[in-house]
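*Asks:* Could you have a look at this structure, given as C-alpha cells, before my questions?
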Amino acid sequence: MKEAPTQTPLWWKSGVIYQLYPRSFQDANGDGVGDLRGIQQRLDYLQWLGVKAVWISPIYPSPMADFGYDISDYTDIHPLFGTLADFDALLADIHARGLKLILDLVPNHTSDKHPWFLESRSSKDNPKRNWYLWRDAKEDGSVPNNWLAAFGGPAWEWDEVTQQYYYHAFLKEQPDLNWRNPEVQEAMLKVMQFWLDRGVDGFRVDVMWHMIKDGQWRDNPPNPDYKPHMGTYDQLLPVYSTDQPEVHDLVRRMRALLDRYTERVMIGEIYLPIHKLVTYYGVDNTGAHLPFNFQLITLPWNAATIAAAINEYEGALPLEGWPNWVLSNHDQPRIASRIGSDQARVAAMLLLTLRGTPTLYYGDEIGMRDVPIPWNQIQDPQGLNMPDKNLSRDPARTPMQWDAMVHAGFSAVRPWLPLERHAGQRNVALQRNDPGSMLSLYRRLLQLRHAERAFTIGNYTPVYGDHQLISYIREEIGGKRFLIVLNLTHRTALFRAGERGLKGTVVLSTVVGADDRDLEALMPLEGDEGIVVKLDS
Ligand code: GLC
C-alpha cells in the first residue's frame, strides 16, 4: 500500500537497527561471555543513543561450533545467555521503552546435534531422513558434485553408518535442511510462530539465498576471478548451490506468516549483486521487507564507486521496495579498520543520511577497530580452517568497550576474546561527554534523523560526484531540504555549490567545531570531512 506522506512511517522504515553480538555486549553473570541480563543492563545506553530496534545474533541452545549459528533447539535459550524467563524480561523491558527486538533466525541449517538431524542420520528409512540433503556417492566413491563449503573444504560429509553423503554449506556440524520438504517448511514456520507469539518484532534471516539448491545437483562452474587470498569457497561460482528461483516461494510463505501479526519485519541476509538482491523483495513486495544491502561493505571505498552503487541501488529498487544500508556486521572487518578512523566518521554520516533503514553494528558508534587475535586464541572456525588466509571473524567480535575499568566494563573476568589494546581510551564513558567523539557524532546524526523527516521519508536526489566527493539532497515533499556533501578522501576538496544555485547553512560536520558556517559558492571541505547543509529553499 502506498503510504501518504503525512502518515507516521513504520518503525522499521524510520528507526535505526542496532546489531549486537550477544557474546560480546555485556557480561552480567561473570563468566567472560555476554548474556541477556547484560543486554538488559545496557538498554539505557541504547535508548540514549537513539536506536529503535535491537537485532541480537543467535541466543539459542547450540554446541557453538559456529558460535550459535549451529542451533540444536530453536525454541529455547542457551544457558550461557540465560533462560526463557530472562528473554521474556528483556523483551518486556525493550517494549516498555518503545524499542523493538529482532531475532536471528537460522533456517538453512541446524546443528548436527539437533534431534532432527540425529534422527535423520540414524537410518535411511527414518521419517526425518528426507529433512536433510542426503546423496549417494558417485560410483568411484567420490562426492556427489563439486560444491564447496563456505568455511573450507568440500560441502559433502560422508556418513559411515548409512553410507551416504550429507550436504553442508558451512561447517560439517551445520547440515543443510531440505527446504523442498513441506514438513521442514512447516516445522520452521512453527518456530517463527513460537517467537512471534512471544512478542518478537521480526527476524533477520540467516543466509536466505542459500535455502534452496538446484534440483539436479549440477556442478558449480569455476570462478574466473578467483585470487589466492580468497576463501577456497570462492574458487567456484555458487550458481547452482544458491539463489535458486524456488527460494522466493519460501520467502513468501515466511512473509505471509509475519503478515498475520502487526508491524513485524523480515530482513534477509543475502550477498548477491544488486539486480539479484532486489528480487528478494518478492513480486509486489511479498518477500523480505529488507533484503540486506551490503554494498558499503563489499565495494572499495572510493567516491565514484560508492556514488554509482547508491544510484544503481536506488534505480533497481522495486516500486515501494524500502532501501537499507549497512557498514559492518559480525562477519566482516569493522568499518574503522577498513577505511580508517577519520573516514569512518564520513561513513557514519553516509549511513545515517542515505534513504533507507540503517543497521549499525555494536561498537562502530565508538569507532571500535578490529582487534588482532593471537593465533592460539583464534576461535572462529572460518579463521581456523583456512589459517593462511586471515579470514577469522574474531577481530570484529571483541567485547564492547564501556569504560576504563578492568576489562572495559564488559565483564568482571577475562573476556572470551581479548579487548582492544586502546579500550581505556576508546570507550563509551569517555566519548559520551566529548563533543568531538565518534559517539557524539553518531548521536547527533541519530538526533537529526529523528528531528527531520527529510532523512526518513524524504526523497533522495544525487547532486554531484567526482573522484573525491559524493553529494545528494534529501527532501521532504513540501518540507525541508538538506544537502549532504561527503569527502571520501584525506585531501581537501572543493564543492561548487554556487554554480548549482545551492545556498544554506552547515548544521553538522564530521570535523569538530566546523558546523554553523554558511555554504559558500566554492565550498572548501577538509580531508575526511562530511557536512549536512540545511538549504535555504
Ligand atoms: C551467516 C552468519 C554467519 C554464519 C553463517 C552460517 O552468514 O552471518 O555468522 O557463520 O551464516 O550460519
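Every chain in the C-alpha cells has a letter given in the order shown (A, B, ...), and although residue numbers restart at 1 in each chain, ligands are simply numbered from 1 in the order shown.
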Please, which residues have at least one atom within 7 Å of an atom of ligand 1, using only C-alpha atoms and all ligand atoms, listed as a list in words?
*Replies:*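 Within the 7 Å cut-off, the matching residues are Asp66, Tyr69, Asp70, Val106, Phe170, Asp206, Val207, His330 and Asp331 of chain A.
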*Asks:* Just the selected residues (N, CA, C and O atoms), exported as a PDB file, in the first residue's frame, please.
*Replies:*
```pdb
ATOM      1  N   ASP A  66      29.790 -22.895  15.422  1.00  0.00           N
ATOM      2  CA  ASP A  66      29.831 -21.630  14.686  1.00  0.00           C
ATOM      3  C   ASP A  66      29.209 -20.530  15.553  1.00  0.00           C
ATOM      4  O   ASP A  66      28.454 -19.693  15.074  1.00  0.00           O
ATOM      5  N   TYR A  69      25.350 -20.113  15.354  1.00  0.00           N
ATOM      6  CA  TYR A  69      24.719 -20.318  14.047  1.00  0.00           C
ATOM      7  C   TYR A  69      24.580 -21.815  13.734  1.00  0.00           C
ATOM      8  O   TYR A  69      24.285 -22.199  12.604  1.00  0.00           O
ATOM      9  N   ASP A  70      24.823 -22.632  14.732  1.00  0.00           N
ATOM     10  CA  ASP A  70      24.576 -24.080  14.657  1.00  0.00           C
ATOM     11  C   ASP A  70      23.620 -24.387  15.810  1.00  0.00           C
ATOM     12  O   ASP A  70      24.033 -24.528  16.954  1.00  0.00           O
ATOM     13  N   VAL A 106      17.832 -18.925  11.865  1.00  0.00           N
ATOM     14  CA  VAL A 106      18.796 -19.655  11.036  1.00  0.00           C
ATOM     15  C   VAL A 106      18.091 -20.871  10.421  1.00  0.00           C
ATOM     16  O   VAL A 106      18.182 -21.984  10.953  1.00  0.00           O
ATOM     17  N   PHE A 170      28.060 -24.787   5.191  1.00  0.00           N
ATOM     18  CA  PHE A 170      29.043 -24.176   6.094  1.00  0.00           C
ATOM     19  C   PHE A 170      29.864 -25.302   6.733  1.00  0.00           C
ATOM     20  O   PHE A 170      30.467 -26.089   6.016  1.00  0.00           O
ATOM     21  N   ASP A 206      19.075 -15.710   8.402  1.00  0.00           N
ATOM     22  CA  ASP A 206      20.435 -16.085   8.041  1.00  0.00           C
ATOM     23  C   ASP A 206      20.469 -16.710   6.645  1.00  0.00           C
ATOM     24  O   ASP A 206      19.594 -17.505   6.294  1.00  0.00           O
ATOM     25  N   VAL A 207      21.477 -16.388   5.880  1.00  0.00           N
ATOM     26  CA  VAL A 207      21.751 -16.924   4.529  1.00  0.00           C
ATOM     27  C   VAL A 207      20.494 -17.289   3.724  1.00  0.00           C
ATOM     28  O   VAL A 207      20.370 -18.382   3.182  1.00  0.00           O
ATOM     29  N   HIS A 330      28.953  -8.867  12.014  1.00  0.00           N
ATOM     30  CA  HIS A 330      29.796  -9.796  12.766  1.00  0.00           C
ATOM     31  C   HIS A 330      30.598 -10.726  11.867  1.00  0.00           C
ATOM     32  O   HIS A 330      31.355 -11.558  12.365  1.00  0.00           O
ATOM     33  N   ASP A 331      30.406 -10.622  10.554  1.00  0.00           N
ATOM     34  CA  ASP A 331      31.145 -11.482   9.617  1.00  0.00           C
ATOM     35  C   ASP A 331      32.235 -10.727   8.862  1.00  0.00           C
ATOM     36  O   ASP A 331      32.971 -11.335   8.083  1.00  0.00           O
TER      37      ASP A 331
END
```
*Asks:* Near segment 422-430 of chain A, counting only C-alpha atoms, which residues have an atom at most 8 Å away, once you skip same-chain residues fewer than 3 positions from it, shown as a PyMOL selection string?
*Replies:* chain A and resi 366-368+401-405+408+419+433-434+439
*Asks:* Taking the DSSP assignment computed from this structure's backbone, write out as a list in words all residues of segment 359-499 of chain A that belong to strand (DSSP E).
*Replies:*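 DSSP-assigned strand (DSSP E) residues in segment 359-499 of chain A: Thr359, Leu360, Tyr361, Asn459, Tyr460, Thr461, Pro462, Val463, Tyr464, Gly465, Leu469, Ile470, Ser471, Tyr472, Ile473, Arg474, Glu475, Arg481, Phe482, Leu483, Ile484, Val485, Leu486, Asn487, Ala493, Leu494, Phe495 and Arg496 of chain A.
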*Asks:* Go ahead and dump the residues you just picked, N, CA and C atoms, as a tab-separated table (two decimals), in the first residue's frame.
*Replies:*
```tsv
chain	number	residue	atom	x	y	z
A	359	THR	N	21.52	-0.08	9.46
A	359	THR	CA	21.83	-1.04	10.54
A	359	THR	C	23.23	-0.72	11.04
A	360	LEU	N	23.31	-0.52	12.36
A	360	LEU	CA	24.55	-0.10	12.99
A	360	LEU	C	25.09	-1.27	13.80
A	361	TYR	N	26.34	-1.61	13.61
A	361	TYR	CA	26.95	-2.74	14.31
A	361	TYR	C	27.56	-2.25	15.62
A	459	ASN	N	12.83	12.32	-0.17
A	459	ASN	CA	13.40	11.83	-1.43
A	459	ASN	C	14.92	11.88	-1.38
A	460	TYR	N	15.51	11.11	-2.28
A	460	TYR	CA	16.97	11.16	-2.46
A	460	TYR	C	17.24	11.64	-3.89
A	461	THR	N	18.05	12.69	-4.04
A	461	THR	CA	18.43	13.15	-5.38
A	461	THR	C	19.94	13.33	-5.44
A	462	PRO	N	20.61	12.60	-6.30
A	462	PRO	CA	22.06	12.82	-6.41
A	462	PRO	C	22.33	14.20	-6.99
A	463	VAL	N	23.40	14.87	-6.50
A	463	VAL	CA	23.70	16.22	-6.97
A	463	VAL	C	24.95	16.23	-7.83
A	464	TYR	N	26.04	15.73	-7.30
A	464	TYR	CA	27.31	15.82	-8.00
A	464	TYR	C	28.28	14.82	-7.39
A	465	GLY	N	29.10	14.24	-8.19
A	465	GLY	CA	30.13	13.36	-7.67
A	465	GLY	C	31.38	13.45	-8.52
A	469	LEU	N	34.33	13.48	-4.12
A	469	LEU	CA	33.08	13.86	-3.44
A	469	LEU	C	31.88	13.03	-3.85
A	470	ILE	N	31.00	12.86	-2.87
A	470	ILE	CA	29.65	12.37	-3.13
A	470	ILE	C	28.71	13.44	-2.58
A	471	SER	N	27.66	13.80	-3.30
A	471	SER	CA	26.70	14.74	-2.72
A	471	SER	C	25.29	14.41	-3.19
A	472	TYR	N	24.35	14.67	-2.30
A	472	TYR	CA	22.95	14.41	-2.63
A	472	TYR	C	22.05	15.27	-1.76
A	473	ILE	N	20.81	15.36	-2.18
A	473	ILE	CA	19.82	16.14	-1.42
A	473	ILE	C	18.76	15.20	-0.87
A	474	ARG	N	18.40	15.40	0.37
A	474	ARG	CA	17.26	14.69	0.96
A	474	ARG	C	16.17	15.73	1.20
A	475	GLU	N	14.99	15.45	0.75
A	475	GLU	CA	13.95	16.46	0.74
A	475	GLU	C	12.60	15.85	1.05
A	481	ARG	N	14.75	20.82	2.99
A	481	ARG	CA	15.71	20.17	2.09
A	481	ARG	C	17.09	20.21	2.74
A	482	PHE	N	17.78	19.11	2.68
A	482	PHE	CA	19.14	19.03	3.21
A	482	PHE	C	20.08	18.54	2.11
A	483	LEU	N	21.23	19.21	2.06
A	483	LEU	CA	22.29	18.79	1.14
A	483	LEU	C	23.36	18.08	1.96
A	484	ILE	N	23.80	16.94	1.46
A	484	ILE	CA	24.89	16.23	2.13
A	484	ILE	C	26.07	16.18	1.18
A	485	VAL	N	27.22	16.62	1.65
A	485	VAL	CA	28.43	16.57	0.83
A	485	VAL	C	29.49	15.80	1.62
A	486	LEU	N	30.02	14.74	1.01
A	486	LEU	CA	30.98	13.88	1.71
A	486	LEU	C	32.29	13.81	0.94
A	487	ASN	N	33.38	14.08	1.64
A	487	ASN	CA	34.70	13.95	1.04
A	487	ASN	C	35.27	12.58	1.41
A	493	ALA	N	38.90	19.21	-0.44
A	493	ALA	CA	38.11	19.15	-1.68
A	493	ALA	C	37.30	20.43	-1.81
A	494	LEU	N	36.84	20.68	-3.02
A	494	LEU	CA	36.01	21.86	-3.28
A	494	LEU	C	34.67	21.43	-3.84
A	495	PHE	N	33.63	21.92	-3.24
A	495	PHE	CA	32.29	21.62	-3.75
A	495	PHE	C	31.72	22.90	-4.36
A	496	ARG	N	31.38	22.83	-5.64
A	496	ARG	CA	30.92	24.04	-6.32
A	496	ARG	C	29.41	24.21	-6.12
```
*Asks:* Write out, as a tab-separated table, each residue of segment 105-187 of chain A that has an atom at most 10 Å from segment 375-389 of chain A, together with the closest pair of atoms and their distance in Å to one decimal, counting only C-alpha atoms, rows going by chain and rising number.
*Replies:*
```
residue	atom	partner	partner_atom	distance
A:Ala150	CA	A:Gln382	CA	8.1
A:Phe151	CA	A:Gln382	CA	5.0
A:Gly152	CA	A:Asn385	CA	6.2
A:Gly153	CA	A:Asn385	CA	8.6
A:Phe170	CA	A:Gln382	CA	9.2
A:Leu171	CA	A:Pro381	CA	8.2
```
*Asks:* With only C-alpha atoms as the counted atoms, please give the residues lying no more than 12 Å from Ser328 of chain A, apart from itself and same-chain residues fewer than 3 positions off, as a PyMOL selection string.
*Replies:* chain A and resi 18-20+292-298+325+331-339+344+347-348+351+358-365+367-370+393+396-397
*Asks:* Show me, as a PDB file with all heavy atoms, in the first residue's frame, the residues that have an atom within 7 Å of Ala303 of chain A when counting only C-alpha atoms, minus same-chain residues fewer than 4 positions from it.
*Replies:*
```
ATOM      1  N   ALA A 307      29.247   6.274  -5.173  1.00  0.00           N
ATOM      2  CA  ALA A 307      28.159   7.096  -5.747  1.00  0.00           C
ATOM      3  C   ALA A 307      27.390   6.301  -6.790  1.00  0.00           C
ATOM      4  O   ALA A 307      26.150   6.315  -6.820  1.00  0.00           O
ATOM      5  CB  ALA A 307      28.742   8.375  -6.358  1.00  0.00           C
ATOM      6  N   ASP A 466      32.517  13.280  -7.896  1.00  0.00           N
ATOM      7  CA  ASP A 466      33.759  13.181  -8.661  1.00  0.00           C
ATOM      8  C   ASP A 466      34.676  12.183  -7.963  1.00  0.00           C
ATOM      9  O   ASP A 466      34.189  11.350  -7.206  1.00  0.00           O
ATOM     10  CB  ASP A 466      34.414  14.562  -8.865  1.00  0.00           C
ATOM     11  CG  ASP A 466      34.781  15.240  -7.545  1.00  0.00           C
ATOM     12  OD1 ASP A 466      34.921  14.532  -6.519  1.00  0.00           O
ATOM     13  OD2 ASP A 466      34.928  16.472  -7.533  1.00  0.00           O
ATOM     14  N   HIS A 467      35.987  12.279  -8.208  1.00  0.00           N
ATOM     15  CA  HIS A 467      36.883  11.283  -7.627  1.00  0.00           C
ATOM     16  C   HIS A 467      37.072  11.471  -6.130  1.00  0.00           C
ATOM     17  O   HIS A 467      37.699  10.646  -5.477  1.00  0.00           O
ATOM     18  CB  HIS A 467      38.235  11.318  -8.356  1.00  0.00           C
ATOM     19  CG  HIS A 467      38.915  12.646  -8.234  1.00  0.00           C
ATOM     20  ND1 HIS A 467      38.387  13.799  -8.770  1.00  0.00           N
ATOM     21  CD2 HIS A 467      40.059  13.006  -7.624  1.00  0.00           C
ATOM     22  CE1 HIS A 467      39.191  14.808  -8.492  1.00  0.00           C
ATOM     23  NE2 HIS A 467      40.213  14.353  -7.801  1.00  0.00           N
ATOM     24  N   GLN A 468      36.542  12.585  -5.582  1.00  0.00           N
ATOM     25  CA  GLN A 468      36.653  12.809  -4.135  1.00  0.00           C
ATOM     26  C   GLN A 468      35.307  12.880  -3.429  1.00  0.00           C
ATOM     27  O   GLN A 468      35.169  12.429  -2.298  1.00  0.00           O
ATOM     28  CB  GLN A 468      37.379  14.143  -3.876  1.00  0.00           C
ATOM     29  CG  GLN A 468      38.848  14.144  -4.216  1.00  0.00           C
ATOM     30  CD  GLN A 468      39.483  15.433  -3.748  1.00  0.00           C
ATOM     31  OE1 GLN A 468      39.353  16.476  -4.394  1.00  0.00           O
ATOM     32  NE2 GLN A 468      40.165  15.372  -2.610  1.00  0.00           N
ATOM     33  N   LEU A 469      34.332  13.478  -4.116  1.00  0.00           N
ATOM     34  CA  LEU A 469      33.083  13.863  -3.438  1.00  0.00           C
ATOM     35  C   LEU A 469      31.875  13.028  -3.852  1.00  0.00           C
ATOM     36  O   LEU A 469      31.759  12.598  -5.004  1.00  0.00           O
ATOM     37  CB  LEU A 469      32.756  15.326  -3.764  1.00  0.00           C
ATOM     38  CG  LEU A 469      33.698  16.383  -3.207  1.00  0.00           C
ATOM     39  CD1 LEU A 469      33.273  17.761  -3.713  1.00  0.00           C
ATOM     40  CD2 LEU A 469      33.704  16.351  -1.690  1.00  0.00           C
ATOM     41  N   ILE A 470      30.997  12.859  -2.874  1.00  0.00           N
ATOM     42  CA  ILE A 470      29.645  12.369  -3.134  1.00  0.00           C
ATOM     43  C   ILE A 470      28.714  13.442  -2.583  1.00  0.00           C
ATOM     44  O   ILE A 470      28.960  13.958  -1.488  1.00  0.00           O
ATOM     45  CB  ILE A 470      29.354  11.064  -2.352  1.00  0.00           C
ATOM     46  CG1 ILE A 470      30.272   9.935  -2.812  1.00  0.00           C
ATOM     47  CG2 ILE A 470      27.902  10.652  -2.480  1.00  0.00           C
ATOM     48  CD1 ILE A 470      30.039   8.641  -2.029  1.00  0.00           C
ATOM     49  N   LEU A 488      35.342  11.695   0.431  1.00  0.00           N
ATOM     50  CA  LEU A 488      35.795  10.324   0.712  1.00  0.00           C
ATOM     51  C   LEU A 488      37.315  10.166   0.644  1.00  0.00           C
ATOM     52  O   LEU A 488      37.825   9.055   0.590  1.00  0.00           O
ATOM     53  CB  LEU A 488      35.107   9.317  -0.217  1.00  0.00           C
ATOM     54  CG  LEU A 488      33.835   8.696   0.399  1.00  0.00           C
ATOM     55  CD1 LEU A 488      32.733   9.705   0.503  1.00  0.00           C
ATOM     56  CD2 LEU A 488      33.383   7.468  -0.356  1.00  0.00           C
TER      57      LEU A 488
END
```
*Asks:* Suppose you want the space between atom CA of Tyr442 of chain A and atom CA of Ile102 of chain A; what is it in Å?
*Replies:*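 Taking atom CA of Tyr442 of chain A and atom CA of Ile102 of chain A, their separation equals 21.5 Å.
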*Asks:* Nearest residue to Met211 of chain A out of A:Tyr132, A:Tyr165, A:Tyr281, A:Trp195, using only C-alpha atoms?
*Replies:*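 Of A:Tyr132, A:Tyr165, A:Tyr281, A:Trp195, the one nearest Met211 of chain A, counting only C-alpha atoms, is A:Tyr132.
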*Asks:* According to DSSP computed on the backbone, where in segment 276-489 of chain A is there helix (DSSP H, G or I)? Give the residues as a PyMOL selection string.
*Replies:* chain A and resi 276-281+283-285+295-298+303-316+335-339+341-353+364-366+375-377+381-385+387-389+394-396+406-409+428-432+438-451+453-456
*Asks:* How far is it from atom CA of Asp31 of chain A to atom CA of Val413 of chain A, in Å with one decimal?
*Replies:*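 So the two atoms, atom CA of Asp31 of chain A and atom CA of Val413 of chain A, lie 6.6 Å apart.
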*Asks:* Which one of A:Gly38, A:Pro58, A:Gly215, A:Gly340 sits closest to Phe203 of chain A if you count only C-alpha atoms?
*Replies:* A:Pro58
*Asks:* Compile the contact shell of segment 123-127 of chain A as a ChimeraX atom specification: residues with an atom at most 9 Å away, counting only C-alpha atoms, same-chain residues fewer than 2 positions apart removed.
*Replies:* /A:119-121,129-131,161-162,164
